[in-house]
Amino acid sequence: MDPSAVRARAADLPRDPGVYLFYEGEEVRYVGKAVDLRDRVRSYADPRSDRIRRMVERADRIDVAVTDTETQALLLEANLIKRHQPRYNVRLKDDKSYPLVQLTDHPIPRIEVTRDPDEGATVFGPFTEKGSVEAVVKAIRAVYGLRGCSDHKYRGRDRPCLDYEMGLCSAPCTDEIDATSYAEDVRAAVRFFEGETGALADPLRREMAAAAEARSFERAANLRDRLDTVESFHGSGGEAVASPADERTVDVLGAAVEGDRATVARLHSERGQLVDRSRHRLDAPEGEDRVETLLAAFVPQYYADRELPDAILCSERLDDDEVLAWLDAEGVAVRVPGAGREAKLVDLALKNARSRPGRDDEAARLAEALGLDGRVERIEGFDVSHSGGRAVVGSDVCFVDGSAEKTAYRRKKLTERNDDYANMRELVSWRAERAVAGEDDRPDPDLLLIDGGEGQLAAARDALAEAGWDVPAVALAKAEERVITPEGGHDWDDDAPHLHLLQRVRDEAHRFAVQYHGTVRDEVSTALDEVPGVGPETRRRLLRRFGSVENVRAASVADLRDVAGVGEKTAEELSRRL
């Protein structure tokens with residue numbers, strides 16, 4: 001849009017508070033809030049920066065939404081940014097990829113690290129380092145014997161499993177420990193995650209001393225390393241937050257900027273004790289690297305659908321008077337501490353913001369190893385499953401920042417044929433064509449991973465080229481664990497973190513495809529199951545003999561009677577019903 005078009009559009013707008021959206025085609029490129037829509041939109045005729053000037057030039061229309069109050073405009077802006085992820089706004093990315101620890105809602109709770117907690121579970125986190133969380137959970141199981149098995153494996157056991165022999169479980173499944181004693185051990189684990197480091201560190205320390213006294217120095221060294229992880233797990237989180245008596249909940253925010261991405265670390269305090277911490281990534285438009293602006297964008301987006309604390313401590317003053325006015329109206333104190341305990345907590349938040357979780361390293365190393373620009377943040381994995389060309393299905397799984405994004409999983413029934421290359425081409429064509437046509441609501445991935453070798457990769461790349469979808473693709477074969485690219489193969493070290501990332505995606509694509517194949521195969525068999533006299537064994541014999549339900553349907557009564565277990569009456573019923 002040129003300046004005259006912007007002024008003409010602004011002249012038609014009311015002088016009310018609201019939100020305005022700049023569109024390029026069907027894409028929302030920028031969302032802003034205004035106390036006076038007419039004045040604010042008119043200001044874009046003379047943009048205040050090169051970034052905004054480029055945005056205005058590329059836009060072809062402006063839409064607005066009028067609100068009753070400035071606060072409504074602020075919160076609507078935050079929600080629209082989260083929904084549309086416009087390129088020219090600072091955008092808060094979801095924090096659901098961070099690991100949590102859960103104790104399941106079960107008479108004998110299971111402890112595990114998860115990113116998708118069960119309903120009713122007792123949950124702690126999120127945490128930033130999955131490796132340290134897993135080490136702590138293993139230490140808890142070694143000290144207190146909490147089970148890690150699924151409810152399915154827990155039920156109906158008549159003897160303890162290997163975890164009991166290894167000292168990782170007290171085997172409540174076979175009554176090696178009574179329910180009351182197990183519950184006491186669960187409460188000890190809860191005390192640790194609530195901040196009582198000694199609940200786990202003290203027994204580890206005693207065990208380390210006993211191992212050293214028995215001259216089991218290697219075991220003592222392992223226990224020492226485990227103890228170091230446990231003692232550093234809560235960091236300086238045990239330090240009290242010095243705040244006025246009427247501030248029961250306090251959030252501490254620190255931000256760090258790296259290129260076009262920023263990370264905000266949040267520490268949460270209740271009654272003077274830090275009880276939670278999390279990290280949140282922001283995508284910032286080019287040229288927007290001021291911490292004050294990024295924090296001001298983070299606050300309304302994060303708290304738009306969450307309960308506000310009594311106070312927020314920040315590393316920098318929020319660079320938005322409207323956000324500050326909103327917080328003040330909601331009774332939230334905002335401070336930038338310069339010294340004392342509050343300043344130490346802000347320093348801790350900044351340290352958390354600047355730290356790089358292991359998953360970031362995986363993505364960065366993968367991009368470097370494959371010669372791709374930036375990080376490989378979003379990966380989609382593809383696999384095909386069938387039984388001799390029957391019940392052919394494909395899976396499309398998605399990983400974001402190294403973690404499964406199950407809401408983005410897709411699956412598809414494919415043409416019945418025993419041709420893995422053609423099946424993979426059909427699957428990738430389906431994804432690519434939908435993406436190019438704008439029919440897939442998921443963002444484009446940074447990388448496609450094909451389960452297979454050179455043939456499957458070639459078929460996938462043919463599909464991408466035909467659809468005109470420019471996304472890099474590689475393959476990972478199961479036997480050699482060799483990464484296949486268009487330029488050749490890579491034999492990475494077995495312990496390479498970027499190889500482990502691809503293996504997780506490949507294995508999940510395989511699992512999801514096999515699971516769907518089983519479902520489709522069972523659906524195909526239901527037509528036989530409905531015939532009186534046909535049980536599971538007879539059904540298997542019929543399918544083994546004729547290959548498919550369609551072939552059974554086409555068979556004569558005489559042919560059907562040739563199958564073991566199918567009598568005259570059953571054969572006639574099959575012929576009649578099918």
# chains A, B, ... in the order shown; residues from 1 in each chain; ligands from 1
>>> select_by_dssp(residues="range 346-553 of chain A", states="strand (DSSP E)", output="number ranges by chain")
A: 378-387, 390-400, 403-404, 410-413, 447-451, 473-476, 483-485, 488-490
>>> closest_residue(among="A:Arg541, A:Lys33, A:Lys412, A:His517", to="Gly389 in chain A", atoms="only C-alpha atoms")
A:His517
>>> residues_around(residues="range 434-436 of chain A", least_positions_apart="3", cutoff="12 Å", atoms="only C-alpha atoms", output="ChimeraX atom specification")
/A:427-431,439-445,464-471
>>> write_last_selection(atoms="N, CA and C atoms", output="compact mmCIF listing (two decimals), in the first residue's frame")
# COMPACT_ATOMS: atom_id res chain seq x y z
N LEU A 427 2.31 -40.46 -0.72
CA LEU A 427 2.17 -39.84 0.60
C LEU A 427 2.74 -38.43 0.61
N VAL A 428 3.96 -38.26 0.09
CA VAL A 428 4.60 -36.94 0.10
C VAL A 428 3.87 -36.00 -0.87
N SER A 429 3.39 -36.52 -1.99
CA SER A 429 2.61 -35.68 -2.91
C SER A 429 1.38 -35.11 -2.22
N TRP A 430 0.70 -35.95 -1.46
CA TRP A 430 -0.49 -35.50 -0.73
C TRP A 430 -0.15 -34.34 0.21
N ARG A 431 0.94 -34.47 0.96
CA ARG A 431 1.34 -33.39 1.88
C ARG A 431 1.76 -32.14 1.11
N GLU A 439 -4.10 -25.67 1.84
CA GLU A 439 -5.15 -26.48 2.47
C GLU A 439 -4.68 -27.14 3.75
N ASP A 440 -3.41 -27.02 4.08
CA ASP A 440 -2.87 -27.61 5.31
C ASP A 440 -2.61 -26.48 6.29
N ASP A 441 -3.22 -26.56 7.49
CA ASP A 441 -3.12 -25.45 8.43
C ASP A 441 -1.83 -25.45 9.24
N ARG A 442 -0.92 -26.40 8.96
CA ARG A 442 0.35 -26.44 9.70
C ARG A 442 1.41 -25.60 9.00
N PRO A 443 2.36 -25.03 9.78
CA PRO A 443 3.47 -24.31 9.14
C PRO A 443 4.32 -25.26 8.30
N ASP A 444 4.99 -24.73 7.29
CA ASP A 444 5.93 -25.55 6.52
C ASP A 444 7.08 -26.00 7.42
N PRO A 445 7.49 -27.24 7.31
CA PRO A 445 8.62 -27.71 8.12
C PRO A 445 9.95 -27.20 7.58
N LEU A 464 7.98 -33.73 -4.36
CA LEU A 464 8.18 -32.33 -3.98
C LEU A 464 8.37 -31.46 -5.22
N ALA A 465 9.19 -31.94 -6.15
CA ALA A 465 9.45 -31.16 -7.37
C ALA A 465 8.18 -31.00 -8.20
N GLU A 466 7.40 -32.06 -8.29
CA GLU A 466 6.18 -31.99 -9.09
C GLU A 466 5.16 -31.02 -8.50
N ALA A 467 5.11 -30.97 -7.16
CA ALA A 467 4.16 -30.07 -6.50
C ALA A 467 4.69 -28.65 -6.40
N GLY A 468 6.01 -28.47 -6.56
CA GLY A 468 6.61 -27.14 -6.43
C GLY A 468 6.74 -26.69 -4.99
N TRP A 469 6.96 -27.66 -4.07
CA TRP A 469 7.10 -27.35 -2.64
C TRP A 469 8.58 -27.41 -2.29
N ASP A 470 9.17 -26.27 -1.98
CA ASP A 470 10.61 -26.17 -1.76
C ASP A 470 10.95 -26.41 -0.29
N VAL A 471 11.03 -27.68 0.08
CA VAL A 471 11.40 -28.07 1.45
C VAL A 471 12.50 -29.13 1.35
>>> atom_distance(atom1="CA of Ser269 in chain A", atom2="CA of Thr197 in chain A")
16.8 Å
>>> residues_around(residues="Ala265 in chain A", least_positions_apart="5", cutoff="10 Å", atoms="only C-alpha atoms", output="CSV table (one decimal) with N, CA, C and O atoms, in the first residue's frame")
chain,number,residue,atom,x,y,z
A,128,THR,N,13.9,-26.8,32.0
A,128,THR,CA,14.6,-26.5,30.7
A,128,THR,C,15.6,-27.5,30.2
A,128,THR,O,15.9,-27.6,29.0
A,251,ASP,N,6.3,-13.0,39.8
A,251,ASP,CA,7.0,-13.6,38.6
A,251,ASP,C,8.2,-12.7,38.3
A,251,ASP,O,8.2,-11.5,38.4
A,252,VAL,N,9.3,-13.4,38.0
A,252,VAL,CA,10.5,-12.7,37.6
A,252,VAL,C,10.8,-13.0,36.2
A,252,VAL,O,10.9,-14.2,35.8
A,253,LEU,N,11.1,-12.0,35.4
A,253,LEU,CA,11.3,-12.1,33.9
A,253,LEU,C,12.6,-11.6,33.5
A,253,LEU,O,13.0,-10.5,33.9
A,254,GLY,N,13.4,-12.5,32.8
A,254,GLY,CA,14.6,-12.0,32.2
A,254,GLY,C,14.7,-12.4,30.8
A,254,GLY,O,14.2,-13.5,30.4
A,255,ALA,N,15.2,-11.6,29.9
A,255,ALA,CA,15.2,-11.8,28.4
A,255,ALA,C,16.6,-11.8,27.9
A,255,ALA,O,17.4,-10.9,28.3
A,256,ALA,N,16.8,-12.6,26.9
A,256,ALA,CA,18.1,-12.6,26.2
A,256,ALA,C,17.8,-12.7,24.7
A,256,ALA,O,16.9,-13.4,24.3
A,277,ARG,N,9.6,-22.7,37.2
A,277,ARG,CA,10.4,-21.9,36.3
A,277,ARG,C,10.1,-22.4,34.9
A,277,ARG,O,9.8,-23.6,34.7
A,278,SER,N,10.2,-21.6,33.9
A,278,SER,CA,9.9,-22.0,32.5
A,278,SER,C,10.7,-21.0,31.6
A,278,SER,O,11.1,-19.9,32.0
A,279,ARG,N,10.9,-21.5,30.3
A,279,ARG,CA,11.5,-20.7,29.3
A,279,ARG,C,10.6,-20.6,28.1
A,279,ARG,O,9.9,-21.5,27.8
A,280,HIS,N,10.5,-19.4,27.5
A,280,HIS,CA,9.6,-19.2,26.4
A,280,HIS,C,10.4,-18.5,25.3
A,280,HIS,O,11.1,-17.5,25.5
A,281,ARG,N,10.2,-19.0,24.1
A,281,ARG,CA,10.9,-18.4,22.9
A,281,ARG,C,10.1,-17.4,22.2
A,281,ARG,O,8.9,-17.6,22.1
A,346,VAL,N,16.4,-11.6,39.4
A,346,VAL,CA,16.4,-11.2,38.0
A,346,VAL,C,17.7,-11.7,37.3
A,346,VAL,O,17.6,-12.2,36.2
A,348,LEU,N,19.2,-14.4,38.1
A,348,LEU,CA,19.0,-15.9,37.9
A,348,LEU,C,18.1,-16.1,36.7
A,348,LEU,O,18.4,-17.0,35.8
A,349,ALA,N,17.1,-15.3,36.5
A,349,ALA,CA,16.2,-15.4,35.3
A,349,ALA,C,17.0,-15.1,34.0
A,349,ALA,O,16.8,-15.8,33.0
A,350,LEU,N,17.9,-14.1,34.1
A,350,LEU,CA,18.7,-13.8,32.9
A,350,LEU,C,19.6,-15.0,32.6
A,350,LEU,O,19.9,-15.4,31.4
A,351,LYS,N,20.2,-15.6,33.6
A,351,LYS,CA,21.0,-16.8,33.4
A,351,LYS,C,20.3,-17.9,32.7
A,351,LYS,O,20.7,-18.6,31.8
A,352,ASN,N,19.0,-18.1,33.2
A,352,ASN,CA,18.2,-19.2,32.6
A,352,ASN,C,17.8,-18.8,31.1
A,352,ASN,O,17.8,-19.7,30.3
A,353,ALA,N,17.6,-17.5,30.9
A,353,ALA,CA,17.3,-17.1,29.5
A,353,ALA,C,18.5,-17.3,28.6
A,353,ALA,O,18.3,-17.6,27.4
A,354,ARG,N,19.7,-17.1,29.1
A,354,ARG,CA,20.9,-17.2,28.2
A,354,ARG,C,21.4,-18.7,28.0
A,354,ARG,O,22.1,-18.9,27.1
A,355,SER,N,20.9,-19.6,28.9
A,355,SER,CA,21.4,-21.0,28.8
A,355,SER,C,20.7,-21.6,27.6
A,355,SER,O,19.6,-21.2,27.2
>>> decode(residues="range 156-260 of chain A", atoms="C-alpha atoms", output="PDB file, in the first residue's frame")
ATOM      1  CA  GLY A 156      -1.566 -58.776  36.575  1.00  0.00           C
ATOM      2  CA  ARG A 157       2.116 -59.379  37.318  1.00  0.00           C
ATOM      3  CA  ASP A 158       3.001 -62.478  39.304  1.00  0.00           C
ATOM      4  CA  ARG A 159       6.680 -61.665  39.805  1.00  0.00           C
ATOM      5  CA  PRO A 160       8.786 -58.455  39.866  1.00  0.00           C
ATOM      6  CA  CYS A 161      10.308 -57.130  36.650  1.00  0.00           C
ATOM      7  CA  LEU A 162      13.921 -56.233  35.859  1.00  0.00           C
ATOM      8  CA  ASP A 163      13.568 -52.752  37.410  1.00  0.00           C
ATOM      9  CA  TYR A 164      13.148 -54.443  40.806  1.00  0.00           C
ATOM     10  CA  GLU A 165      16.321 -56.474  40.269  1.00  0.00           C
ATOM     11  CA  MET A 166      18.178 -53.268  39.310  1.00  0.00           C
ATOM     12  CA  GLY A 167      16.977 -51.436  42.419  1.00  0.00           C
ATOM     13  CA  LEU A 168      14.850 -48.928  40.499  1.00  0.00           C
ATOM     14  CA  CYS A 169      11.464 -50.123  41.744  1.00  0.00           C
ATOM     15  CA  SER A 170      10.137 -51.511  45.032  1.00  0.00           C
ATOM     16  CA  ALA A 171       7.696 -53.775  43.111  1.00  0.00           C
ATOM     17  CA  PRO A 172       4.348 -52.749  44.580  1.00  0.00           C
ATOM     18  CA  CYS A 173       2.787 -54.795  41.753  1.00  0.00           C
ATOM     19  CA  THR A 174       3.648 -58.025  43.588  1.00  0.00           C
ATOM     20  CA  ASP A 175       3.285 -56.620  47.130  1.00  0.00           C
ATOM     21  CA  GLU A 176       7.030 -56.467  47.786  1.00  0.00           C
ATOM     22  CA  ILE A 177       6.095 -53.157  49.472  1.00  0.00           C
ATOM     23  CA  ASP A 178       2.739 -52.276  51.005  1.00  0.00           C
ATOM     24  CA  ALA A 179       0.624 -49.372  49.736  1.00  0.00           C
ATOM     25  CA  THR A 180       1.122 -47.257  52.869  1.00  0.00           C
ATOM     26  CA  SER A 181       4.931 -47.434  52.688  1.00  0.00           C
ATOM     27  CA  TYR A 182       4.842 -46.721  48.940  1.00  0.00           C
ATOM     28  CA  ALA A 183       2.683 -43.637  49.559  1.00  0.00           C
ATOM     29  CA  GLU A 184       5.284 -42.354  52.050  1.00  0.00           C
ATOM     30  CA  ASP A 185       7.971 -42.704  49.374  1.00  0.00           C
ATOM     31  CA  VAL A 186       5.759 -40.795  46.916  1.00  0.00           C
ATOM     32  CA  ARG A 187       5.374 -37.978  49.459  1.00  0.00           C
ATOM     33  CA  ALA A 188       9.177 -37.804  49.816  1.00  0.00           C
ATOM     34  CA  ALA A 189       9.502 -37.367  46.031  1.00  0.00           C
ATOM     35  CA  VAL A 190       6.844 -34.641  46.107  1.00  0.00           C
ATOM     36  CA  ARG A 191       8.753 -32.809  48.856  1.00  0.00           C
ATOM     37  CA  PHE A 192      11.852 -32.804  46.658  1.00  0.00           C
ATOM     38  CA  PHE A 193      10.061 -31.315  43.649  1.00  0.00           C
ATOM     39  CA  GLU A 194       8.445 -28.732  45.906  1.00  0.00           C
ATOM     40  CA  GLY A 195      11.932 -27.478  46.773  1.00  0.00           C
ATOM     41  CA  GLU A 196      13.180 -29.665  49.646  1.00  0.00           C
ATOM     42  CA  THR A 197      16.484 -30.734  48.092  1.00  0.00           C
ATOM     43  CA  GLY A 198      17.496 -32.708  51.175  1.00  0.00           C
ATOM     44  CA  ALA A 199      14.626 -35.166  50.647  1.00  0.00           C
ATOM     45  CA  LEU A 200      16.738 -36.714  47.892  1.00  0.00           C
ATOM     46  CA  ALA A 201      20.224 -35.343  48.521  1.00  0.00           C
ATOM     47  CA  ASP A 202      20.508 -36.639  52.111  1.00  0.00           C
ATOM     48  CA  PRO A 203      19.925 -40.343  51.348  1.00  0.00           C
ATOM     49  CA  LEU A 204      22.247 -40.080  48.322  1.00  0.00           C
ATOM     50  CA  ARG A 205      24.918 -38.515  50.506  1.00  0.00           C
ATOM     51  CA  ARG A 206      24.597 -41.348  53.074  1.00  0.00           C
ATOM     52  CA  GLU A 207      24.759 -43.968  50.325  1.00  0.00           C
ATOM     53  CA  MET A 208      27.866 -42.307  48.836  1.00  0.00           C
ATOM     54  CA  ALA A 209      29.602 -42.312  52.219  1.00  0.00           C
ATOM     55  CA  ALA A 210      28.763 -45.995  52.734  1.00  0.00           C
ATOM     56  CA  ALA A 211      30.134 -46.878  49.286  1.00  0.00           C
ATOM     57  CA  ALA A 212      33.361 -44.981  49.977  1.00  0.00           C
ATOM     58  CA  GLU A 213      33.738 -46.696  53.345  1.00  0.00           C
ATOM     59  CA  ALA A 214      33.293 -50.077  51.652  1.00  0.00           C
ATOM     60  CA  ARG A 215      35.990 -49.017  49.144  1.00  0.00           C
ATOM     61  CA  SER A 216      33.498 -49.180  46.271  1.00  0.00           C
ATOM     62  CA  PHE A 217      35.059 -46.084  44.794  1.00  0.00           C
ATOM     63  CA  GLU A 218      33.517 -46.321  41.313  1.00  0.00           C
ATOM     64  CA  ARG A 219      30.025 -46.551  42.821  1.00  0.00           C
ATOM     65  CA  ALA A 220      30.863 -43.680  45.193  1.00  0.00           C
ATOM     66  CA  ALA A 221      31.970 -41.567  42.217  1.00  0.00           C
ATOM     67  CA  ASN A 222      28.730 -42.308  40.356  1.00  0.00           C
ATOM     68  CA  LEU A 223      26.730 -41.364  43.442  1.00  0.00           C
ATOM     69  CA  ARG A 224      28.749 -38.162  43.769  1.00  0.00           C
ATOM     70  CA  ASP A 225      27.887 -37.166  40.193  1.00  0.00           C
ATOM     71  CA  ARG A 226      24.231 -37.985  40.822  1.00  0.00           C
ATOM     72  CA  LEU A 227      24.313 -35.944  44.014  1.00  0.00           C
ATOM     73  CA  ASP A 228      25.794 -32.960  42.157  1.00  0.00           C
ATOM     74  CA  THR A 229      22.905 -33.088  39.665  1.00  0.00           C
ATOM     75  CA  VAL A 230      20.341 -33.320  42.452  1.00  0.00           C
ATOM     76  CA  GLU A 231      21.821 -30.458  44.469  1.00  0.00           C
ATOM     77  CA  SER A 232      22.016 -28.176  41.432  1.00  0.00           C
ATOM     78  CA  PHE A 233      18.543 -29.103  40.180  1.00  0.00           C
ATOM     79  CA  HIS A 234      16.739 -26.342  42.063  1.00  0.00           C
ATOM     80  CA  GLY A 235      19.641 -23.923  41.494  1.00  0.00           C
ATOM     81  CA  SER A 236      19.312 -20.966  43.835  1.00  0.00           C
ATOM     82  CA  GLY A 237      15.567 -21.452  43.745  1.00  0.00           C
ATOM     83  CA  GLY A 238      15.464 -21.998  47.474  1.00  0.00           C
ATOM     84  CA  GLU A 239      16.281 -18.373  48.154  1.00  0.00           C
ATOM     85  CA  ALA A 240      13.323 -16.429  49.418  1.00  0.00           C
ATOM     86  CA  VAL A 241      11.828 -13.602  47.392  1.00  0.00           C
ATOM     87  CA  ALA A 242      11.860 -10.430  49.450  1.00  0.00           C
ATOM     88  CA  SER A 243       8.588  -8.678  48.626  1.00  0.00           C
ATOM     89  CA  PRO A 244       5.792  -6.838  50.447  1.00  0.00           C
ATOM     90  CA  ALA A 245       3.492  -8.967  52.566  1.00  0.00           C
ATOM     91  CA  ASP A 246       0.500  -8.427  50.263  1.00  0.00           C
ATOM     92  CA  GLU A 247       2.395  -9.854  47.248  1.00  0.00           C
ATOM     93  CA  ARG A 248       1.699 -13.566  47.531  1.00  0.00           C
ATOM     94  CA  THR A 249       2.698 -14.391  43.938  1.00  0.00           C
ATOM     95  CA  VAL A 250       5.639 -12.856  42.090  1.00  0.00           C
ATOM     96  CA  ASP A 251       6.965 -13.558  38.595  1.00  0.00           C
ATOM     97  CA  VAL A 252      10.547 -12.739  37.646  1.00  0.00           C
ATOM     98  CA  LEU A 253      11.264 -12.139  33.945  1.00  0.00           C
ATOM     99  CA  GLY A 254      14.632 -12.031  32.213  1.00  0.00           C
ATOM    100  CA  ALA A 255      15.164 -11.836  28.444  1.00  0.00           C
ATOM    101  CA  ALA A 256      18.116 -12.639  26.190  1.00  0.00           C
ATOM    102  CA  VAL A 257      18.318 -11.883  22.454  1.00  0.00           C
ATOM    103  CA  GLU A 258      20.145 -13.918  19.816  1.00  0.00           C
ATOM    104  CA  GLY A 259      19.638 -12.938  16.169  1.00  0.00           C
ATOM    105  CA  ASP A 260      15.947 -12.942  15.287  1.00  0.00           C
TER     106      ASP A 260
END
